[in-house]
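Q: Following this line is upload13.csv, made up of CSV, C-alpha atoms:
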chain,number,residue,atom,x,y,z
A,25,MET,CA,-35.3,17.2,-4.1
A,26,SER,CA,-35.4,15.0,-7.1
A,27,ALA,CA,-34.0,11.4,-7.0
A,28,ARG,CA,-31.4,12.4,-9.6
A,29,VAL,CA,-30.1,15.3,-7.5
A,30,PHE,CA,-30.2,13.2,-4.3
A,31,LEU,CA,-28.2,10.4,-6.0
A,32,SER,CA,-25.6,12.9,-7.4
A,33,ALA,CA,-25.1,14.4,-3.9
A,34,PHE,CA,-24.9,10.9,-2.4
A,35,TYR,CA,-22.2,9.8,-4.8
A,36,VAL,CA,-20.2,13.0,-4.3
A,37,ALA,CA,-20.4,12.6,-0.5
A,38,ALA,CA,-19.4,9.0,-0.7
A,39,GLY,CA,-16.4,9.8,-2.9
A,40,ILE,CA,-15.3,12.5,-0.5
A,41,MET,CA,-15.7,10.1,2.5
A,42,LEU,CA,-13.7,7.3,0.7
A,43,ALA,CA,-10.9,9.7,-0.3
A,44,GLY,CA,-10.7,11.6,2.9
A,45,PRO,CA,-8.1,11.1,5.6
A,46,SER,CA,-10.5,9.5,8.0
A,47,ALA,CA,-11.0,6.6,5.6
A,48,ALA,CA,-7.4,6.5,4.5
A,49,GLN,CA,-5.7,5.1,7.6
A,50,GLN,CA,-6.7,2.3,9.9
A,51,ILE,CA,-4.6,0.5,12.4
A,52,GLU,CA,-5.2,-3.1,13.5
A,53,SER,CA,-3.4,-6.0,15.1
A,54,SER,CA,-2.3,-9.3,13.7
A,55,TYR,CA,-0.6,-12.1,15.6
A,56,THR,CA,2.1,-14.7,14.9
A,57,ASP,CA,3.6,-17.4,17.1
A,58,VAL,CA,7.2,-17.4,18.4
A,59,ASP,CA,8.2,-21.0,18.0
A,60,LEU,CA,12.0,-21.6,17.6
A,61,ASP,CA,11.3,-25.2,16.5
A,62,GLN,CA,9.7,-23.7,13.4
A,63,CYS,CA,12.7,-21.4,12.7
A,64,THR,CA,16.1,-22.1,11.0
A,65,VAL,CA,19.2,-22.0,13.1
A,66,ILE,CA,21.6,-19.8,11.2
A,67,GLN,CA,24.4,-19.6,13.9
A,68,SER,CA,25.1,-21.4,17.1
A,69,ASP,CA,28.2,-21.7,19.4
A,70,ASP,CA,29.1,-21.7,23.0
A,71,PHE,CA,28.2,-18.0,23.3
A,72,GLY,CA,24.6,-18.1,21.8
A,73,SER,CA,22.4,-18.9,18.9
A,74,ARG,CA,20.6,-17.0,16.1
A,75,TRP,CA,17.5,-18.1,14.3
A,76,ALA,CA,15.8,-17.0,11.1
A,77,CYS,CA,12.0,-17.1,11.5
A,78,SER,CA,9.0,-16.2,9.4
A,79,GLY,CA,6.7,-13.5,10.7
A,80,LEU,CA,3.6,-11.8,9.4
A,81,LYS,CA,3.1,-12.5,5.7
A,82,GLY,CA,6.6,-14.0,5.6
A,83,MET,CA,8.4,-11.0,7.0
A,84,PRO,CA,11.8,-12.1,8.3
A,85,VAL,CA,12.2,-12.2,12.1
A,86,MET,CA,15.7,-12.6,13.5
A,87,ILE,CA,15.8,-14.0,17.0
A,88,ALA,CA,19.1,-14.4,18.9
A,89,GLU,CA,20.2,-15.5,22.3
A,90,GLY,CA,23.4,-14.5,24.1
A,91,ASP,CA,24.4,-14.3,27.7
A,92,LEU,CA,20.9,-15.5,28.7
A,93,ARG,CA,19.2,-12.5,27.0
A,94,MET,CA,17.1,-12.5,23.8
A,95,PHE,CA,17.3,-10.1,20.8
A,96,VAL,CA,14.6,-9.7,18.2
A,97,SER,CA,14.8,-7.8,14.9
A,98,TYR,CA,12.6,-7.6,11.8
A,99,GLY,CA,12.8,-7.2,8.0
A,100,LEU,CA,15.2,-8.1,5.2
A,101,THR,CA,18.0,-6.2,7.0
A,102,SER,CA,17.1,-7.6,10.5
A,103,THR,CA,20.7,-8.6,11.4
A,104,THR,CA,22.1,-5.1,10.8
A,105,GLU,CA,19.2,-3.2,12.4
A,106,LYS,CA,19.6,-1.5,15.9
A,107,ALA,CA,17.0,-3.9,17.3
A,108,ALA,CA,19.4,-6.8,16.6
A,109,GLU,CA,21.6,-5.4,19.3
A,110,GLN,CA,18.9,-4.4,21.8
A,111,THR,CA,17.7,-6.5,24.7
A,112,LEU,CA,16.6,-5.9,28.3
A,113,GLY,CA,19.1,-5.6,31.2
A,114,PRO,CA,18.0,-8.7,33.2
A,115,PHE,CA,18.3,-12.2,31.9
A,116,ASN,CA,15.1,-12.9,29.9
A,117,ARG,CA,13.1,-15.1,27.6
A,118,LEU,CA,10.5,-14.4,25.0
A,119,GLY,CA,6.7,-14.8,25.1
A,120,ASP,CA,5.0,-17.0,22.5
A,121,LYS,CA,3.2,-14.3,20.4
A,122,ILE,CA,4.2,-11.3,18.4
A,123,GLU,CA,1.5,-8.6,18.0
A,124,TRP,CA,2.0,-6.8,14.8
A,125,ARG,CA,0.6,-3.3,14.5
A,126,VAL,CA,-0.4,-2.9,10.8
A,127,SER,CA,-1.7,0.2,9.0
A,128,ASN,CA,-3.2,0.7,5.5
A,129,ALA,CA,-1.9,4.3,5.3
A,130,GLU,CA,0.1,3.5,2.2
A,131,GLY,CA,-2.8,1.7,0.4
A,132,SER,CA,-2.0,-1.8,1.6
A,133,TRP,CA,-1.7,-3.4,5.0
A,134,LYS,CA,1.9,-3.1,6.3
A,135,PRO,CA,3.4,-3.7,9.7
A,136,PHE,CA,5.0,-0.6,11.3
A,137,ALA,CA,5.6,-1.9,14.8
A,138,THR,CA,5.5,-5.0,17.0
A,139,ILE,CA,4.8,-5.8,20.6
A,140,LEU,CA,6.5,-8.8,22.2
A,141,ARG,CA,6.4,-9.9,25.8
A,142,PHE,CA,9.7,-10.6,27.5
A,143,PHE,CA,9.8,-12.5,30.7
A,144,THR,CA,12.6,-11.2,33.0
A,145,LYS,CA,14.6,-12.9,35.7
A,146,ARG,CA,14.3,-11.4,39.2
A,147,GLU,CA,16.0,-12.0,42.5
A,148,GLU,CA,16.0,-15.6,43.7
A,149,GLY,CA,12.5,-16.6,44.9
A,150,GLU,CA,10.7,-13.7,43.1
A,151,PRO,CA,8.3,-14.4,40.2
A,152,GLU,CA,9.4,-13.4,36.7
A,153,GLY,CA,8.8,-9.9,35.5
A,154,GLN,CA,7.0,-9.3,32.3
A,155,VAL,CA,7.8,-6.4,29.9
A,156,LEU,CA,6.1,-5.6,26.6
A,157,VAL,CA,8.8,-4.4,24.2
A,158,VAL,CA,7.5,-2.1,21.4
A,159,THR,CA,9.7,-2.2,18.3
A,160,LYS,CA,9.5,0.1,15.3
A,161,ILE,CA,9.7,-1.6,12.0
A,162,ALA,CA,11.2,0.3,9.0
A,163,PRO,CA,14.1,-0.6,6.7
A,164,GLY,CA,17.2,0.9,8.2
A,165,ALA,CA,15.2,2.1,11.3
A,166,THR,CA,14.1,-0.9,13.3
A,167,CYS,CA,14.6,-0.5,17.0
A,168,HIS,CA,13.0,-0.5,20.4
A,169,ILE,CA,10.8,2.5,21.1
A,170,ALA,CA,9.0,1.7,24.4
A,171,TYR,CA,8.9,-0.6,27.3
A,172,VAL,CA,5.7,-1.4,29.3
A,173,ASP,CA,5.8,-3.3,32.6
A,174,ALA,CA,3.0,-5.8,32.0
A,175,LEU,CA,2.5,-6.6,35.7
A,176,ALA,CA,2.6,-3.0,37.1
A,177,ASN,CA,-0.1,-1.5,34.8
A,178,PRO,CA,-3.8,-2.3,34.6
A,179,ASP,CA,-3.9,-2.2,30.8
A,180,PRO,CA,-0.4,-2.9,29.6
A,181,ASN,CA,-1.5,-4.1,26.1
A,182,GLY,CA,-3.4,-0.8,25.6
A,183,LEU,CA,-0.4,1.2,26.7
A,184,ALA,CA,1.9,-0.7,24.3
A,185,ARG,CA,-0.5,-0.3,21.4
A,186,LYS,CA,-0.8,3.4,22.0
A,187,ALA,CA,3.0,3.8,22.2
A,188,ALA,CA,3.4,1.9,18.9
A,189,ASP,CA,0.6,3.9,17.2
A,190,THR,CA,1.8,7.3,18.3
A,191,ARG,CA,5.6,7.0,18.5
A,192,ALA,CA,6.7,4.6,15.7
A,193,LYS,CA,6.2,7.0,12.8
A,194,ASP,CA,8.4,9.8,14.1
A,195,PHE,CA,10.8,7.8,16.3
A,196,ASP,CA,14.5,8.3,15.2
A,197,CYS,CA,16.4,5.1,16.0
A,198,ALA,CA,19.7,7.0,15.7
A,199,LYS,CA,19.0,9.6,18.4
A,200,ASP,CA,15.8,8.8,20.3
A,201,GLU,CA,15.8,6.6,23.5
A,202,PRO,CA,13.1,4.0,24.2
A,203,GLU,CA,10.5,5.4,26.7
A,204,TYR,CA,9.3,3.6,29.8
A,205,ILE,CA,5.5,3.9,29.6
A,206,GLY,CA,3.3,3.9,32.8
A,207,LYS,CA,4.4,2.5,36.1
A,208,PHE,CA,7.7,0.5,35.8
A,209,GLU,CA,8.8,-2.0,38.4
A,210,ALA,CA,10.3,-4.8,36.3
A,211,TRP,CA,13.9,-3.8,37.3
A,212,GLU,CA,15.9,-1.0,38.6
A,213,ARG,CA,16.5,1.5,35.8
Let me see whether you can do it: turn the structure in this file into structure tokens.

A:
Amino acid sequence: MSARVFLSAFYVAAGIMLAGPSAAQQIESSYTDVDLDQCTVIQSDDFGSRWACSGLKGMPVMIAEGDLRMFVSYGLTSTTEKAAEQTLGPFNRLGDKIEWRVSNAEGSWKPFATILRFFTKREEGEPEGQVLVVTKIAPGATCHIAYVDALANPDPNGLARKAADTRAKDFDCAKDEPEYIGKFEAWER
């Protein structure tokens, strides 16, 4: 095989590999802090508070507290998304990191889901529960898609990432219910 033929075949193969579906989509994680001191209070009264925070690459993150429960939503329409009304049953508080699942499927890196640890109140004298809440991010369709008990499962982060990566794209916030992934003991369902 001549060098010219070899190089031509190499460039054709490289072009196919770069354009093919295996090279088209990658999924990775990025992280941002949850620090209400770095957020702007947009509403506060005797019943709760709401903060506007900056997330990955400046994406708006709305965090609210009411009745000792936390609510978190994402995007420019975060206050009107279903996630803005979703929380966990028990009293809870947030962990200090948001894991953003990002994909380059559309040609640039964009978040499509988040994973956030909620600490849940248990019976008096019992340690707090820990639940990873997986939230789909899409304009007009931002909502909880899965819950993973972080203390009852050996690899809760892996379970949460798998739920985000496999469920977010096709999850219908209007009709689908969040799934409890793996063993779940954080509270009575």

Q: Considering only C-alpha atoms, return as an NGL selection string whatever protein or nucleic-acid residues lie within 7 Å of segment 79-86 of chain A, sequence-local ones (same chain, fewer than 5 positions apart) excluded.

A: :A and (56 or 96-100 or 102-103)

Q: From the options A:Gly206, A:Gly119, A:Pro151, A:Pro163, which residue's atoms come nearest to Leu183 of chain A, counting only C-alpha atoms?

A: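 Ranking A:Gly206, A:Gly119, A:Pro151, A:Pro163 by distance to Leu183 of chain A, first place goes to A:Gly206.
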
Q: With distances taken over only C-alpha atoms, which residue among A:Trp124, A:Trp133, A:Phe143, A:Phe195 lies nearest Ala210 of chain A?

A: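 Among A:Trp124, A:Trp133, A:Phe143, A:Phe195, it is A:Phe143 that comes nearest to Ala210 of chain A.
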
Q: As a PyMOL selection string, please: the residues near Asn128 of chain A (cut-off 9 Å, only C-alpha atoms, same-chain neighbours under 2 positions excluded).

A: chain A and resi 48-51+126+130-135

Q: Skip Glu109 of chain A itself and residues of its chain fewer than 3 positions away, then list as a ChimeraX atom specification all residues within 12 Å of it, counting only C-alpha atoms.

A: /A:86-90,93-98,102-106,112,166-168

Q: If you keep C-alpha atoms, can you produce a file of those selected residues as a PDB file, in the coordinates of the input?

A:
ATOM      1  CA  MET A  86      15.700 -12.600  13.500  1.00  0.00           C
ATOM      2  CA  ILE A  87      15.800 -14.000  17.000  1.00  0.00           C
ATOM      3  CA  ALA A  88      19.100 -14.400  18.900  1.00  0.00           C
ATOM      4  CA  GLU A  89      20.200 -15.500  22.300  1.00  0.00           C
ATOM      5  CA  GLY A  90      23.400 -14.500  24.100  1.00  0.00           C
ATOM      6  CA  ARG A  93      19.200 -12.500  27.000  1.00  0.00           C
ATOM      7  CA  MET A  94      17.100 -12.500  23.800  1.00  0.00           C
ATOM      8  CA  PHE A  95      17.300 -10.100  20.800  1.00  0.00           C
ATOM      9  CA  VAL A  96      14.600  -9.700  18.200  1.00  0.00           C
ATOM     10  CA  SER A  97      14.800  -7.800  14.900  1.00  0.00           C
ATOM     11  CA  TYR A  98      12.600  -7.600  11.800  1.00  0.00           C
ATOM     12  CA  SER A 102      17.100  -7.600  10.500  1.00  0.00           C
ATOM     13  CA  THR A 103      20.700  -8.600  11.400  1.00  0.00           C
ATOM     14  CA  THR A 104      22.100  -5.100  10.800  1.00  0.00           C
ATOM     15  CA  GLU A 105      19.200  -3.200  12.400  1.00  0.00           C
ATOM     16  CA  LYS A 106      19.600  -1.500  15.900  1.00  0.00           C
ATOM     17  CA  LEU A 112      16.600  -5.900  28.300  1.00  0.00           C
ATOM     18  CA  THR A 166      14.100  -0.900  13.300  1.00  0.00           C
ATOM     19  CA  CYS A 167      14.600  -0.500  17.000  1.00  0.00           C
ATOM     20  CA  HIS A 168      13.000  -0.500  20.400  1.00  0.00           C
TER      21      HIS A 168
END

Q: Taking a cut-off of 7 Å and counting only C-alpha atoms, can you build a table that, for each residue of segment 87-122 of chain A near segment 137-141 of chain A, reports the nearest atom pair and how far apart they are in Å (one decimal), sorted by chain then residue number, as JSON lines?

A:
{"residue": "A:Leu118", "atom": "CA", "partner": "A:Arg141", "partner_atom": "CA", "distance": 6.1}
{"residue": "A:Gly119", "atom": "CA", "partner": "A:Arg141", "partner_atom": "CA", "distance": 5.0}
{"residue": "A:Lys121", "atom": "CA", "partner": "A:Leu140", "partner_atom": "CA", "distance": 6.7}
{"residue": "A:Ile122", "atom": "CA", "partner": "A:Leu140", "partner_atom": "CA", "distance": 5.1}

Q: As an exercise, work out the distance from atom CA of Asp59 of chain A to atom CA of Ser127 of chain A in Å and give it to one decimal place.

A: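 About the pair atom CA of Asp59 of chain A and atom CA of Ser127 of chain A: they are 25.1 Å apart.
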
Q: Using only C-alpha atoms, pick whichever of A:Asp173, A:Trp211, A:Ile161, A:Gly182 has the shortest atom-to-atom distance to Asp196 of chain A.

A: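 Looking only at the distances to Asp196 of chain A, the closest residue turns out to be A:Ile161.
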
Q: Could you state the separation of atom CA of Thr159 of chain A and atom CA of Gln67 of chain A in Å, given to one decimal place?

A: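 One can read the atom CA of Thr159 of chain A to atom CA of Gln67 of chain A distance as 23.2 Å.
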
Q: Record the distance separating atom CA of Pro178 of chain A and atom CA of Cys197 of chain A, expressed in Å with one decimal.

A: 28.4 Å

Q: Looking at A:Asp179, A:Lys145, A:Phe115, A:Glu203, which one is nearest to Val157 of chain A, with distances taken over all atoms listed in the file?

A: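 Looking only at the distances to Val157 of chain A, the closest residue turns out to be A:Glu203.
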
Q: Nearest residue to Phe71 of chain A out of A:Leu92, A:Ala198, A:Ala188, A:Ala107, using only C-alpha atoms?

A: A:Leu92

Q: From the set A:Arg125, A:Val158, A:Asp120, A:Asp91, which residue has the shortest atom-to-atom contact distance to Ser73 of chain A, counting all atoms listed in the file?

A: A:Asp91

Q: Axis-aligned box over every listed atom of segment 129-146 of chain A, padded by 6 Å per side: centre and edges in Å to one decimal, as AutoDock Vina command-line options?

A:
--center_x 5.9 --center_y -4.3 --center_z 19.8 --size_x 29.4 --size_y 29.2 --size_z 50.8
